[in-house]
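Undergrad: Just passing along the structure, written as structure tokens.
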Amino acid sequence: MDASTFAQIDPLHWILDMNSLVGDAYRDVRELCVFLLLAVASSFPPSKALAVYFQPPGHPFLFCGAVHPARPSALLSLPWPDPSEEPPIPDPNPNPLQLALASAKIGVSVEGLASLPPVAYTSAEKKAERLALRVGENLFNFMQSFCGIDGSRLVVPMDILDRWFKKFQERARKDPNYLKDFSL
């Protein structure tokens, strides 16, 4: 697909309605390869970038990356939210405007390189952070039950990490739902 598939909104903004390509299967499109052709990259201002956004149905646009003369191509992740996080269309017979708001979109805009927003987190990254936090809390609580206090420091036995990990493994082996509790 080339740039002509995108609808130009104004001189610096373009939108691609995912319904026109994949319908409701937009979640299956997990990555987007974007590149500047050599002719475009050579004439593109060095302080500008082609910013790429994605918009899940019923959500605002989220930044997912950019290309510019120093980085003329990129493989960008499209972290679509879980379907349970998408608001339903309230009207059983939606009008064209409601349908347009309910479809996934890819947006592209020319922006200042220095003013690009941070990349949106993927749901997998959020889950990994949540998992790390819960495992850390579990370890901390285990350590607290063995620690002493020396001024402003917690003192724990040298083998505390090994003891905690053995207990963690045993519990995971005995209870198949134990690890699932960490990723909620």
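In the structure tokens, chains take the letters A, B, ... in the order shown, each chain's residues start at 1, and ligands count up from 1 in the order shown.
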Name the residues of chain A that come out as helix (DSSP H, G or I) in a backbone DSSP run; write them as number ranges by chain.
TA: A: 3-5, 19-28, 38-43, 83-85, 96-101, 113-115, 123-144, 160-174, 178-182
Undergrad: I'd like the neighbourhood of Pro72 (chain A) as an MDAnalysis selection string, where a residue qualifies if any of its atoms comes within 9 Å (using only C-alpha atoms), though same-chain residues fewer than 3 positions away should be ignored.
TA: chainID A and resid 34:38 41 66:69
Undergrad: Could the residues in this selection be written to a file with all heavy atoms, as an mmCIF file, in the first residue's frame?
TA:
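Once written, result01.cif looks like this:
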```
data_model
loop_
_atom_site.group_PDB
_atom_site.id
_atom_site.type_symbol
_atom_site.label_atom_id
_atom_site.label_comp_id
_atom_site.auth_asym_id
_atom_site.auth_seq_id
_atom_site.Cartn_x
_atom_site.Cartn_y
_atom_site.Cartn_z
ATOM 1 N N VAL A 34 6.924 1.786 8.017
ATOM 2 C CA VAL A 34 6.815 3.116 7.437
ATOM 3 C C VAL A 34 8.202 3.530 6.956
ATOM 4 O O VAL A 34 9.197 3.303 7.641
ATOM 5 C CB VAL A 34 6.316 4.132 8.487
ATOM 6 C CG1 VAL A 34 6.152 5.503 7.880
ATOM 7 C CG2 VAL A 34 5.025 3.669 9.108
ATOM 8 N N PHE A 35 8.256 4.137 5.777
ATOM 9 C CA PHE A 35 9.554 4.610 5.287
ATOM 10 C C PHE A 35 9.372 5.820 4.389
ATOM 11 O O PHE A 35 8.312 6.030 3.807
ATOM 12 C CB PHE A 35 10.305 3.498 4.555
ATOM 13 C CG PHE A 35 9.558 2.901 3.406
ATOM 14 C CD1 PHE A 35 9.700 3.409 2.123
ATOM 15 C CD2 PHE A 35 8.688 1.828 3.610
ATOM 16 C CE1 PHE A 35 9.006 2.850 1.063
ATOM 17 C CE2 PHE A 35 7.992 1.276 2.553
ATOM 18 C CZ PHE A 35 8.151 1.786 1.274
ATOM 19 N N LEU A 36 10.421 6.607 4.345
ATOM 20 C CA LEU A 36 10.465 7.754 3.449
ATOM 21 C C LEU A 36 11.225 7.319 2.201
ATOM 22 O O LEU A 36 12.315 6.761 2.302
ATOM 23 C CB LEU A 36 11.211 8.926 4.097
ATOM 24 C CG LEU A 36 10.576 9.575 5.319
ATOM 25 C CD1 LEU A 36 11.514 10.620 5.908
ATOM 26 C CD2 LEU A 36 9.253 10.206 4.951
ATOM 27 N N LEU A 37 10.652 7.568 1.049
ATOM 28 C CA LEU A 37 11.361 7.277 -0.191
ATOM 29 C C LEU A 37 12.577 8.194 -0.270
ATOM 30 O O LEU A 37 12.593 9.291 0.289
ATOM 31 C CB LEU A 37 10.443 7.485 -1.395
ATOM 32 C CG LEU A 37 9.239 6.548 -1.466
ATOM 33 C CD1 LEU A 37 8.313 6.971 -2.600
ATOM 34 C CD2 LEU A 37 9.697 5.114 -1.656
ATOM 35 N N LEU A 38 13.607 7.749 -0.962
ATOM 36 C CA LEU A 38 14.855 8.501 -1.054
ATOM 37 C C LEU A 38 14.619 9.935 -1.513
ATOM 38 O O LEU A 38 15.172 10.877 -0.952
ATOM 39 C CB LEU A 38 15.834 7.784 -1.995
ATOM 40 C CG LEU A 38 17.209 8.404 -2.114
ATOM 41 C CD1 LEU A 38 17.881 8.483 -0.755
ATOM 42 C CD2 LEU A 38 18.061 7.608 -3.075
ATOM 43 N N ALA A 41 13.020 11.726 1.454
ATOM 44 C CA ALA A 41 13.956 11.860 2.570
ATOM 45 C C ALA A 41 15.008 12.929 2.294
ATOM 46 O O ALA A 41 15.381 13.685 3.202
ATOM 47 C CB ALA A 41 14.622 10.521 2.868
ATOM 48 N N ALA A 66 7.961 7.497 14.565
ATOM 49 C CA ALA A 66 8.155 8.481 13.508
ATOM 50 C C ALA A 66 9.321 8.082 12.621
ATOM 51 O O ALA A 66 10.166 7.273 13.012
ATOM 52 C CB ALA A 66 8.421 9.858 14.122
ATOM 53 N N VAL A 67 9.331 8.646 11.437
ATOM 54 C CA VAL A 67 10.471 8.522 10.532
ATOM 55 C C VAL A 67 10.909 9.945 10.164
ATOM 56 O O VAL A 67 10.110 10.880 10.189
ATOM 57 C CB VAL A 67 10.144 7.704 9.262
ATOM 58 C CG1 VAL A 67 9.918 6.243 9.597
ATOM 59 C CG2 VAL A 67 8.936 8.255 8.523
ATOM 60 N N HIS A 68 12.196 10.077 9.863
ATOM 61 C CA HIS A 68 12.768 11.367 9.500
ATOM 62 C C HIS A 68 14.050 11.095 8.720
ATOM 63 O O HIS A 68 14.460 9.928 8.614
ATOM 64 C CB HIS A 68 13.002 12.236 10.745
ATOM 65 C CG HIS A 68 13.695 11.532 11.859
ATOM 66 N ND1 HIS A 68 15.064 11.402 11.948
ATOM 67 C CD2 HIS A 68 13.185 10.891 12.932
ATOM 68 C CE1 HIS A 68 15.378 10.728 13.046
ATOM 69 N NE2 HIS A 68 14.250 10.393 13.650
ATOM 70 N N PRO A 69 14.684 12.109 8.173
ATOM 71 C CA PRO A 69 15.863 11.853 7.334
ATOM 72 C C PRO A 69 16.962 11.024 7.995
ATOM 73 O O PRO A 69 17.600 10.199 7.345
ATOM 74 C CB PRO A 69 16.355 13.268 6.991
ATOM 75 C CG PRO A 69 15.115 14.097 7.004
ATOM 76 C CD PRO A 69 14.288 13.520 8.121
#
```
Undergrad: Could you tell me which of A:Met143, A:Arg171, A:Ala49, A:Pro81 comes closest to Met158 (chain A) if we count only C-alpha atoms?
TA: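 Of all the options, A:Met143 lies closest to Met158 (chain A).
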Undergrad: For region 161-166 of chain A, please output as a PyMOL selection string all residues within 12 Å (counting only C-alpha atoms; exclusion window: fewer than 6 positions along the same chain).
TA: chain A and resi 135-146+172-173
Undergrad: Any idea what the distance is between CA of Pro56 (chain A) and CA of Trp14 (chain A)?
TA: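 Answer for the CA of Pro56 (chain A) to CA of Trp14 (chain A) separation: 16.2 Å.
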Undergrad: From a DSSP calculation on the backbone, collect every residue of chain A in strand (DSSP E or B) and output the set as a compact mmCIF listing (two decimals) with all heavy atoms, in the first residue's frame.
TA:
```txt
# COMPACT_ATOMS: atom_id res chain seq x y z
N ALA A 7 -6.21 9.36 3.32
CA ALA A 7 -7.00 10.55 2.98
C ALA A 7 -6.30 11.76 3.58
O ALA A 7 -6.02 11.79 4.78
CB ALA A 7 -8.41 10.43 3.54
N GLN A 8 -6.01 12.76 2.74
CA GLN A 8 -5.34 13.96 3.23
C GLN A 8 -6.36 14.87 3.88
O GLN A 8 -7.37 15.24 3.29
CB GLN A 8 -4.62 14.68 2.09
CG GLN A 8 -3.76 15.81 2.59
CD GLN A 8 -2.80 16.35 1.54
OE1 GLN A 8 -2.81 15.92 0.39
NE2 GLN A 8 -1.97 17.28 1.96
N ILE A 9 -6.10 15.23 5.14
CA ILE A 9 -7.00 16.08 5.92
C ILE A 9 -6.64 17.55 5.69
O ILE A 9 -7.51 18.41 5.55
CB ILE A 9 -6.90 15.76 7.43
CG1 ILE A 9 -7.18 14.28 7.68
CG2 ILE A 9 -7.84 16.63 8.24
CD1 ILE A 9 -8.50 13.79 7.17
N ASP A 10 -5.36 17.84 5.69
CA ASP A 10 -4.84 19.18 5.41
C ASP A 10 -3.41 18.99 4.91
O ASP A 10 -2.96 17.85 4.79
CB ASP A 10 -4.96 20.11 6.64
CG ASP A 10 -4.14 19.65 7.83
OD1 ASP A 10 -3.01 19.15 7.66
OD2 ASP A 10 -4.63 19.81 8.97
N HIS A 13 -1.48 16.56 7.44
CA HIS A 13 -2.13 15.44 8.14
C HIS A 13 -2.86 14.51 7.16
O HIS A 13 -3.57 14.98 6.28
CB HIS A 13 -3.14 15.96 9.17
CG HIS A 13 -2.52 16.77 10.25
ND1 HIS A 13 -2.35 18.13 10.15
CD2 HIS A 13 -2.02 16.41 11.45
CE1 HIS A 13 -1.78 18.58 11.25
NE2 HIS A 13 -1.56 17.55 12.06
N TRP A 14 -2.69 13.20 7.40
CA TRP A 14 -3.36 12.18 6.59
C TRP A 14 -3.92 11.12 7.52
O TRP A 14 -3.40 10.87 8.60
CB TRP A 14 -2.36 11.51 5.64
CG TRP A 14 -1.76 12.44 4.66
CD1 TRP A 14 -2.15 12.63 3.36
CD2 TRP A 14 -0.63 13.30 4.85
NE1 TRP A 14 -1.34 13.55 2.75
CE2 TRP A 14 -0.41 13.99 3.64
CE3 TRP A 14 0.20 13.58 5.94
CZ2 TRP A 14 0.61 14.91 3.48
CZ3 TRP A 14 1.21 14.51 5.79
CH2 TRP A 14 1.40 15.17 4.57
N ILE A 15 -5.02 10.47 7.08
CA ILE A 15 -5.66 9.41 7.89
C ILE A 15 -5.96 8.21 6.99
O ILE A 15 -6.37 8.36 5.84
CB ILE A 15 -6.97 9.91 8.53
CG1 ILE A 15 -6.64 10.89 9.65
CG2 ILE A 15 -7.80 8.76 9.07
CD1 ILE A 15 -7.83 11.34 10.45
N LEU A 16 -5.76 7.03 7.57
CA LEU A 16 -6.13 5.78 6.92
C LEU A 16 -7.18 5.11 7.81
O LEU A 16 -6.92 4.83 8.98
CB LEU A 16 -4.92 4.86 6.78
CG LEU A 16 -5.22 3.44 6.31
CD1 LEU A 16 -5.72 3.44 4.87
CD2 LEU A 16 -4.00 2.57 6.44
N ASP A 17 -8.37 4.87 7.27
CA ASP A 17 -9.42 4.17 7.99
C ASP A 17 -9.15 2.67 7.81
O ASP A 17 -9.16 2.16 6.69
CB ASP A 17 -10.79 4.54 7.43
CG ASP A 17 -11.93 3.98 8.24
OD1 ASP A 17 -11.76 2.95 8.92
OD2 ASP A 17 -13.01 4.58 8.20
N GLU A 31 1.80 -4.59 13.45
CA GLU A 31 2.97 -3.78 13.13
C GLU A 31 2.74 -3.03 11.82
O GLU A 31 1.96 -3.46 10.98
CB GLU A 31 4.22 -4.64 13.00
CG GLU A 31 4.64 -5.28 14.30
CD GLU A 31 5.85 -6.18 14.14
OE1 GLU A 31 5.93 -6.91 13.14
OE2 GLU A 31 6.71 -6.14 15.03
N LEU A 32 3.42 -1.92 11.70
CA LEU A 32 3.29 -1.07 10.52
C LEU A 32 4.70 -0.66 10.10
O LEU A 32 5.46 -0.14 10.92
CB LEU A 32 2.46 0.16 10.90
CG LEU A 32 2.15 1.18 9.84
CD1 LEU A 32 1.23 0.58 8.79
CD2 LEU A 32 1.49 2.39 10.47
N CYS A 33 5.05 -0.93 8.87
CA CYS A 33 6.35 -0.53 8.34
C CYS A 33 6.17 0.79 7.61
O CYS A 33 5.34 0.90 6.71
CB CYS A 33 6.89 -1.60 7.39
SG CYS A 33 8.51 -1.17 6.73
N VAL A 34 6.92 1.79 8.02
CA VAL A 34 6.82 3.12 7.44
C VAL A 34 8.20 3.53 6.96
O VAL A 34 9.20 3.30 7.64
CB VAL A 34 6.32 4.13 8.49
CG1 VAL A 34 6.15 5.50 7.88
CG2 VAL A 34 5.03 3.67 9.11
N PHE A 35 8.26 4.14 5.78
CA PHE A 35 9.55 4.61 5.29
C PHE A 35 9.37 5.82 4.39
O PHE A 35 8.31 6.03 3.81
CB PHE A 35 10.30 3.50 4.56
CG PHE A 35 9.56 2.90 3.41
CD1 PHE A 35 9.70 3.41 2.12
CD2 PHE A 35 8.69 1.83 3.61
CE1 PHE A 35 9.01 2.85 1.06
CE2 PHE A 35 7.99 1.28 2.55
CZ PHE A 35 8.15 1.79 1.27
N LYS A 48 12.23 18.17 10.88
CA LYS A 48 10.86 17.66 10.81
C LYS A 48 10.85 16.13 10.80
O LYS A 48 11.83 15.49 10.46
CB LYS A 48 10.14 18.17 9.56
CG LYS A 48 9.97 19.66 9.50
CD LYS A 48 8.96 20.12 10.54
CE LYS A 48 8.73 21.63 10.43
NZ LYS A 48 7.80 22.09 11.44
N ALA A 49 9.70 15.58 11.17
CA ALA A 49 9.51 14.13 11.17
C ALA A 49 8.11 13.81 10.68
O ALA A 49 7.21 14.64 10.77
CB ALA A 49 9.70 13.56 12.58
N LEU A 50 7.96 12.62 10.17
CA LEU A 50 6.65 12.11 9.79
C LEU A 50 6.19 11.24 10.97
O LEU A 50 6.69 10.14 11.17
CB LEU A 50 6.75 11.28 8.50
CG LEU A 50 5.45 10.95 7.79
CD1 LEU A 50 4.73 12.23 7.38
CD2 LEU A 50 5.75 10.12 6.56
N ALA A 51 5.31 11.81 11.78
CA ALA A 51 4.84 11.13 12.99
C ALA A 51 3.69 10.20 12.64
O ALA A 51 2.84 10.54 11.82
CB ALA A 51 4.38 12.16 14.02
N VAL A 52 3.66 9.03 13.26
CA VAL A 52 2.62 8.04 13.00
C VAL A 52 1.84 7.79 14.28
O VAL A 52 2.42 7.58 15.35
CB VAL A 52 3.22 6.71 12.47
CG1 VAL A 52 2.13 5.70 12.19
CG2 VAL A 52 4.07 6.96 11.24
N TYR A 53 0.52 7.82 14.16
CA TYR A 53 -0.38 7.60 15.28
C TYR A 53 -1.34 6.48 14.94
O TYR A 53 -1.58 6.19 13.77
CB TYR A 53 -1.20 8.87 15.56
CG TYR A 53 -0.39 10.05 16.01
CD1 TYR A 53 0.28 10.86 15.08
CD2 TYR A 53 -0.29 10.37 17.35
CE1 TYR A 53 1.03 11.95 15.49
CE2 TYR A 53 0.45 11.46 17.77
CZ TYR A 53 1.11 12.24 16.84
OH TYR A 53 1.84 13.32 17.26
N PHE A 54 -1.90 5.85 15.96
CA PHE A 54 -2.98 4.89 15.74
C PHE A 54 -4.13 5.29 16.64
O PHE A 54 -3.93 5.91 17.69
CB PHE A 54 -2.52 3.45 15.99
CG PHE A 54 -2.27 3.13 17.44
CD1 PHE A 54 -3.20 2.40 18.17
CD2 PHE A 54 -1.11 3.54 18.06
CE1 PHE A 54 -2.97 2.11 19.50
CE2 PHE A 54 -0.87 3.24 19.39
CZ PHE A 54 -1.80 2.52 20.11
N GLN A 55 -5.33 4.96 16.21
CA GLN A 55 -6.52 5.31 16.98
C GLN A 55 -7.44 4.10 17.09
O GLN A 55 -8.10 3.72 16.13
CB GLN A 55 -7.28 6.47 16.33
CG GLN A 55 -8.49 6.89 17.15
CD GLN A 55 -9.30 7.97 16.47
OE1 GLN A 55 -9.44 7.98 15.26
NE2 GLN A 55 -9.85 8.88 17.25
N LEU A 62 -3.00 7.82 19.48
CA LEU A 62 -1.82 7.57 20.31
C LEU A 62 -0.60 7.51 19.40
O LEU A 62 -0.61 6.84 18.36
CB LEU A 62 -1.97 6.26 21.08
CG LEU A 62 -3.15 6.19 22.03
CD1 LEU A 62 -3.37 4.76 22.50
CD2 LEU A 62 -2.93 7.11 23.21
N PHE A 63 0.46 8.16 19.79
CA PHE A 63 1.70 8.19 19.02
C PHE A 63 2.38 6.82 19.08
O PHE A 63 2.49 6.22 20.14
CB PHE A 63 2.62 9.27 19.60
CG PHE A 63 3.94 9.38 18.93
CD1 PHE A 63 4.04 9.90 17.65
CD2 PHE A 63 5.10 8.99 19.57
CE1 PHE A 63 5.27 10.03 17.02
CE2 PHE A 63 6.33 9.12 18.95
CZ PHE A 63 6.42 9.64 17.66
N CYS A 64 2.83 6.32 17.94
CA CYS A 64 3.53 5.03 17.95
C CYS A 64 4.92 5.09 17.33
O CYS A 64 5.64 4.09 17.33
CB CYS A 64 2.69 3.92 17.31
SG CYS A 64 2.30 4.13 15.59
N GLY A 65 5.33 6.24 16.79
CA GLY A 65 6.68 6.36 16.27
C GLY A 65 6.76 7.37 15.15
O GLY A 65 5.76 8.02 14.81
N ALA A 66 7.96 7.50 14.56
CA ALA A 66 8.15 8.48 13.51
C ALA A 66 9.32 8.08 12.62
O ALA A 66 10.17 7.27 13.01
CB ALA A 66 8.42 9.86 14.12
N VAL A 67 9.33 8.65 11.44
CA VAL A 67 10.47 8.52 10.53
C VAL A 67 10.91 9.95 10.16
O VAL A 67 10.11 10.88 10.19
CB VAL A 67 10.14 7.70 9.26
CG1 VAL A 67 9.92 6.24 9.60
CG2 VAL A 67 8.94 8.25 8.52
N HIS A 68 12.20 10.08 9.86
CA HIS A 68 12.77 11.37 9.50
C HIS A 68 14.05 11.10 8.72
O HIS A 68 14.46 9.93 8.61
CB HIS A 68 13.00 12.24 10.75
CG HIS A 68 13.69 11.53 11.86
ND1 HIS A 68 15.06 11.40 11.95
CD2 HIS A 68 13.19 10.89 12.93
CE1 HIS A 68 15.38 10.73 13.05
NE2 HIS A 68 14.25 10.39 13.65
N ARG A 71 16.45 8.75 10.27
CA ARG A 71 15.84 7.42 10.48
C ARG A 71 14.71 7.28 9.46
O ARG A 71 13.54 7.44 9.79
CB ARG A 71 15.30 7.31 11.90
CG ARG A 71 14.72 5.95 12.21
CD ARG A 71 14.13 5.90 13.59
NE ARG A 71 13.53 4.61 13.84
CZ ARG A 71 12.48 4.41 14.59
NH1 ARG A 71 11.91 5.41 15.21
NH2 ARG A 71 11.99 3.21 14.76
N SER A 73 13.29 4.82 7.97
CA SER A 73 12.33 3.72 8.01
C SER A 73 12.18 3.22 9.44
O SER A 73 13.08 3.39 10.26
CB SER A 73 12.78 2.57 7.09
OG SER A 73 13.97 1.99 7.58
N ALA A 74 11.03 2.61 9.70
CA ALA A 74 10.76 2.08 11.04
C ALA A 74 9.68 1.01 10.96
O ALA A 74 8.78 1.08 10.14
CB ALA A 74 10.32 3.20 11.98
N LEU A 75 9.81 0.03 11.83
CA LEU A 75 8.77 -0.98 12.03
C LEU A 75 8.12 -0.63 13.36
O LEU A 75 8.75 -0.73 14.42
CB LEU A 75 9.37 -2.39 12.06
CG LEU A 75 8.38 -3.52 12.17
CD1 LEU A 75 7.43 -3.53 10.96
CD2 LEU A 75 9.11 -4.85 12.26
N LEU A 76 6.89 -0.17 13.31
CA LEU A 76 6.21 0.36 14.49
C LEU A 76 5.15 -0.63 15.01
O LEU A 76 4.41 -1.21 14.23
CB LEU A 76 5.53 1.69 14.15
CG LEU A 76 6.45 2.75 13.52
CD1 LEU A 76 5.63 3.96 13.11
CD2 LEU A 76 7.56 3.14 14.46
N SER A 77 5.10 -0.76 16.32
CA SER A 77 4.08 -1.62 16.95
C SER A 77 2.77 -0.86 17.05
O SER A 77 2.74 0.34 17.30
CB SER A 77 4.52 -2.01 18.36
OG SER A 77 5.63 -2.85 18.31
N LYS A 105 -8.10 3.73 13.14
CA LYS A 105 -7.45 4.59 12.15
C LYS A 105 -5.95 4.66 12.39
O LYS A 105 -5.49 4.47 13.51
CB LYS A 105 -8.03 5.99 12.21
CG LYS A 105 -9.49 6.07 11.81
CD LYS A 105 -10.01 7.48 11.98
CE LYS A 105 -11.47 7.57 11.66
NZ LYS A 105 -12.33 6.78 12.53
N ILE A 106 -5.23 4.95 11.31
CA ILE A 106 -3.81 5.27 11.37
C ILE A 106 -3.71 6.72 10.93
O ILE A 106 -4.28 7.10 9.90
CB ILE A 106 -2.98 4.37 10.42
CG1 ILE A 106 -3.17 2.89 10.74
CG2 ILE A 106 -1.52 4.77 10.45
CD1 ILE A 106 -2.65 2.45 12.07
N GLY A 107 -3.01 7.53 11.67
CA GLY A 107 -2.83 8.94 11.33
C GLY A 107 -1.36 9.23 11.10
O GLY A 107 -0.49 8.66 11.76
N VAL A 108 -1.09 10.11 10.16
CA VAL A 108 0.28 10.52 9.85
C VAL A 108 0.30 12.04 9.80
O VAL A 108 -0.62 12.66 9.25
CB VAL A 108 0.73 9.93 8.49
CG1 VAL A 108 2.12 10.41 8.14
CG2 VAL A 108 0.68 8.41 8.52
N SER A 109 1.32 12.64 10.39
CA SER A 109 1.43 14.10 10.33
C SER A 109 2.89 14.52 10.30
O SER A 109 3.76 13.83 10.80
CB SER A 109 0.72 14.74 11.53
OG SER A 109 1.38 14.44 12.73
N VAL A 110 3.12 15.67 9.69
CA VAL A 110 4.46 16.26 9.67
C VAL A 110 4.56 17.13 10.91
O VAL A 110 3.73 18.02 11.13
CB VAL A 110 4.69 17.10 8.39
CG1 VAL A 110 6.06 17.77 8.44
CG2 VAL A 110 4.56 16.23 7.15
N GLU A 111 5.58 16.85 11.74
CA GLU A 111 5.73 17.56 13.01
C GLU A 111 7.19 17.89 13.25
O GLU A 111 8.08 17.29 12.64
CB GLU A 111 5.21 16.69 14.17
CG GLU A 111 3.75 16.37 14.07
CD GLU A 111 3.25 15.52 15.23
OE1 GLU A 111 3.94 15.42 16.26
OE2 GLU A 111 2.15 14.96 15.09
N GLY A 112 7.43 18.78 14.18
CA GLY A 112 8.79 19.10 14.57
C GLY A 112 9.42 17.90 15.28
O GLY A 112 8.80 17.29 16.15
N GLY A 148 15.69 -7.93 60.11
CA GLY A 148 15.89 -7.16 61.32
C GLY A 148 16.14 -5.72 60.89
O GLY A 148 16.32 -5.44 59.71
N ILE A 149 16.17 -4.84 61.84
CA ILE A 149 16.38 -3.43 61.51
C ILE A 149 17.67 -2.97 62.16
O ILE A 149 17.91 -3.22 63.33
CB ILE A 149 15.19 -2.56 62.00
CG1 ILE A 149 13.91 -3.01 61.28
CG2 ILE A 149 15.47 -1.09 61.75
CD1 ILE A 149 12.67 -2.30 61.73
N ASP A 150 18.50 -2.32 61.37
CA ASP A 150 19.76 -1.77 61.84
C ASP A 150 19.76 -0.30 61.44
O ASP A 150 20.16 0.06 60.34
CB ASP A 150 20.94 -2.52 61.20
CG ASP A 150 22.29 -1.97 61.63
OD1 ASP A 150 22.35 -1.28 62.67
OD2 ASP A 150 23.28 -2.22 60.93
N ARG A 153 18.28 0.66 57.96
CA ARG A 153 18.47 -0.42 56.99
C ARG A 153 17.73 -1.69 57.43
O ARG A 153 17.62 -1.97 58.61
CB ARG A 153 19.95 -0.78 56.86
CG ARG A 153 20.80 0.34 56.38
CD ARG A 153 22.24 -0.06 56.41
NE ARG A 153 23.07 1.12 56.22
CZ ARG A 153 24.13 1.13 55.46
NH1 ARG A 153 24.52 0.05 54.86
NH2 ARG A 153 24.83 2.23 55.33
N LEU A 154 17.24 -2.42 56.44
CA LEU A 154 16.67 -3.74 56.70
C LEU A 154 17.79 -4.75 56.52
O LEU A 154 18.53 -4.71 55.53
CB LEU A 154 15.55 -4.04 55.70
CG LEU A 154 14.31 -3.16 55.76
CD1 LEU A 154 13.33 -3.54 54.66
CD2 LEU A 154 13.63 -3.28 57.11
N VAL A 155 17.91 -5.65 57.46
CA VAL A 155 18.96 -6.68 57.39
C VAL A 155 18.27 -8.02 57.18
O VAL A 155 17.36 -8.39 57.93
CB VAL A 155 19.79 -6.71 58.69
CG1 VAL A 155 20.88 -7.77 58.61
CG2 VAL A 155 20.40 -5.33 58.97
```
Undergrad: For Leu116 (chain A), which residue out of A:Ser20, A:Ser47, A:Ser4, A:Leu12 is the nearest one, using only C-alpha atoms?
TA: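 Selected residue with least distance to Leu116 (chain A): A:Ser47.
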